[in-house]
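Participant: Pasting in a structure now, in structure tokens, and then I'll have a few things to ask.
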Amino acid sequence: KRDVAFCHTFYTLGDGGALAFFSFADDEVYQKTQAEKPAEIGSFDHIAFKVDDTTYDELVDRVKASGLELRETDHGYCRSMYTRSPDGLVVEFTVDPPHAAQIDAIRRADAHSELARWMAGDHRVNNDLRVREDA
């Protein structure tokens, strides 16, 4: 068995949990930690963090200032900013709209019926709150 040299760092989350990241001294070892077959559509593999309005705006400014690419989307039920970590992980930061509690109550009430509708073959989008640029 070969010893692997790495730096393992933890970043605390507001709920008391943590995210752990690894950085490897040997690029060959790093390459072996990567998925052999990345998804053809990789945007669904990401991690999302809920933040408040001030933090969201600060993060957008910091990402723009760093020169990293970002994309913002108004989903209706939240506003999101997406960017990538240095190793390509999509990271999303979301902020709730003022009426988030009302949206949450509606989604909790119709979650089972919406999933049943979808599974029965009715594939209409179930997010009529999303701000669509083509509308």
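Within each chain, counting starts at residue 1; across the structure tokens, chains are named A, B, ... in the order shown, with ligands numbered 1 upward in that order.
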What's the 12 Å shell around Asp45 in chain A, counting only C-alpha atoms, without same-chain residues fewer than 2 positions away, as a ChimeraX atom specification?

Facilitator: /A:35,38-43,47-48,82,84,88-92

Participant: Using N, CA and C atoms, can you export the residues from the last selection as a PDB file, in the first residue's frame?

Facilitator:
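The resulting file, part.pdb, is shown below:
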ATOM      1  N   ALA A  35     -13.924  11.242 -11.323  1.00  0.00           N
ATOM      2  CA  ALA A  35     -14.859  10.300 -11.940  1.00  0.00           C
ATOM      3  C   ALA A  35     -14.307   9.838 -13.282  1.00  0.00           C
ATOM      4  N   PRO A  38     -17.358  11.324 -16.462  1.00  0.00           N
ATOM      5  CA  PRO A  38     -18.211  12.421 -16.003  1.00  0.00           C
ATOM      6  C   PRO A  38     -19.525  12.434 -16.783  1.00  0.00           C
ATOM      7  N   ALA A  39     -20.541  12.945 -16.144  1.00  0.00           N
ATOM      8  CA  ALA A  39     -21.840  13.052 -16.798  1.00  0.00           C
ATOM      9  C   ALA A  39     -21.739  13.939 -18.024  1.00  0.00           C
ATOM     10  N   GLU A  40     -22.462  13.583 -19.074  1.00  0.00           N
ATOM     11  CA  GLU A  40     -22.488  14.403 -20.284  1.00  0.00           C
ATOM     12  C   GLU A  40     -23.099  15.768 -19.986  1.00  0.00           C
ATOM     13  N   ILE A  41     -24.097  15.789 -19.114  1.00  0.00           N
ATOM     14  CA  ILE A  41     -24.696  17.035 -18.642  1.00  0.00           C
ATOM     15  C   ILE A  41     -24.336  17.144 -17.169  1.00  0.00           C
ATOM     16  N   GLY A  42     -23.283  17.874 -16.871  1.00  0.00           N
ATOM     17  CA  GLY A  42     -22.730  17.891 -15.527  1.00  0.00           C
ATOM     18  C   GLY A  42     -23.371  18.867 -14.561  1.00  0.00           C
ATOM     19  N   SER A  43     -24.253  19.734 -15.026  1.00  0.00           N
ATOM     20  CA  SER A  43     -24.792  20.773 -14.141  1.00  0.00           C
ATOM     21  C   SER A  43     -25.705  20.230 -13.052  1.00  0.00           C
ATOM     22  N   ILE A  47     -23.378  21.170  -5.555  1.00  0.00           N
ATOM     23  CA  ILE A  47     -23.738  21.371  -4.154  1.00  0.00           C
ATOM     24  C   ILE A  47     -24.287  22.787  -4.040  1.00  0.00           C
ATOM     25  N   ALA A  48     -25.343  22.939  -3.220  1.00  0.00           N
ATOM     26  CA  ALA A  48     -25.992  24.244  -3.078  1.00  0.00           C
ATOM     27  C   ALA A  48     -25.973  24.678  -1.616  1.00  0.00           C
ATOM     28  N   TYR A  82     -24.370  30.376  -9.755  1.00  0.00           N
ATOM     29  CA  TYR A  82     -23.587  29.164  -9.966  1.00  0.00           C
ATOM     30  C   TYR A  82     -22.177  29.550 -10.404  1.00  0.00           C
ATOM     31  N   ARG A  84     -17.864  27.532 -10.478  1.00  0.00           N
ATOM     32  CA  ARG A  84     -17.126  26.270 -10.350  1.00  0.00           C
ATOM     33  C   ARG A  84     -15.945  26.428  -9.410  1.00  0.00           C
ATOM     34  N   GLY A  88     -13.508  22.005 -10.740  1.00  0.00           N
ATOM     35  CA  GLY A  88     -14.643  21.824 -11.640  1.00  0.00           C
ATOM     36  C   GLY A  88     -15.978  21.523 -10.994  1.00  0.00           C
ATOM     37  N   LEU A  89     -16.057  21.443  -9.669  1.00  0.00           N
ATOM     38  CA  LEU A  89     -17.324  21.194  -8.999  1.00  0.00           C
ATOM     39  C   LEU A  89     -18.224  22.415  -9.145  1.00  0.00           C
ATOM     40  N   VAL A  90     -19.466  22.189  -9.576  1.00  0.00           N
ATOM     41  CA  VAL A  90     -20.417  23.293  -9.655  1.00  0.00           C
ATOM     42  C   VAL A  90     -20.915  23.596  -8.247  1.00  0.00           C
ATOM     43  N   VAL A  91     -20.815  24.868  -7.873  1.00  0.00           N
ATOM     44  CA  VAL A  91     -21.248  25.329  -6.561  1.00  0.00           C
ATOM     45  C   VAL A  91     -22.356  26.356  -6.780  1.00  0.00           C
ATOM     46  N   GLU A  92     -23.453  26.181  -6.041  1.00  0.00           N
ATOM     47  CA  GLU A  92     -24.608  27.069  -6.151  1.00  0.00           C
ATOM     48  C   GLU A  92     -24.839  27.759  -4.813  1.00  0.00           C
TER      49      GLU A  92
END

Participant: Residues of chain A in helix (DSSP H, G or I) according to DSSP, as a PyMOL selection string?

Facilitator: chain A and resi 27-32+42-44+53-66+100-119

Participant: Pick out the residues sitting within 9 Å of range 73-80 of chain A, and hand them over as a PyMOL selection string; count only C-alpha atoms, and ignore anything fewer than 5 positions along from it in its own chain.

Facilitator: chain A and resi 48+56+92-97+99-100+103-104+127-132

Participant: Please measure the separation of CA of Val63 in chain A and CA of Phe44 in chain A, giving the value in Å to one decimal.

Facilitator: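 The value is 20.6 Å.
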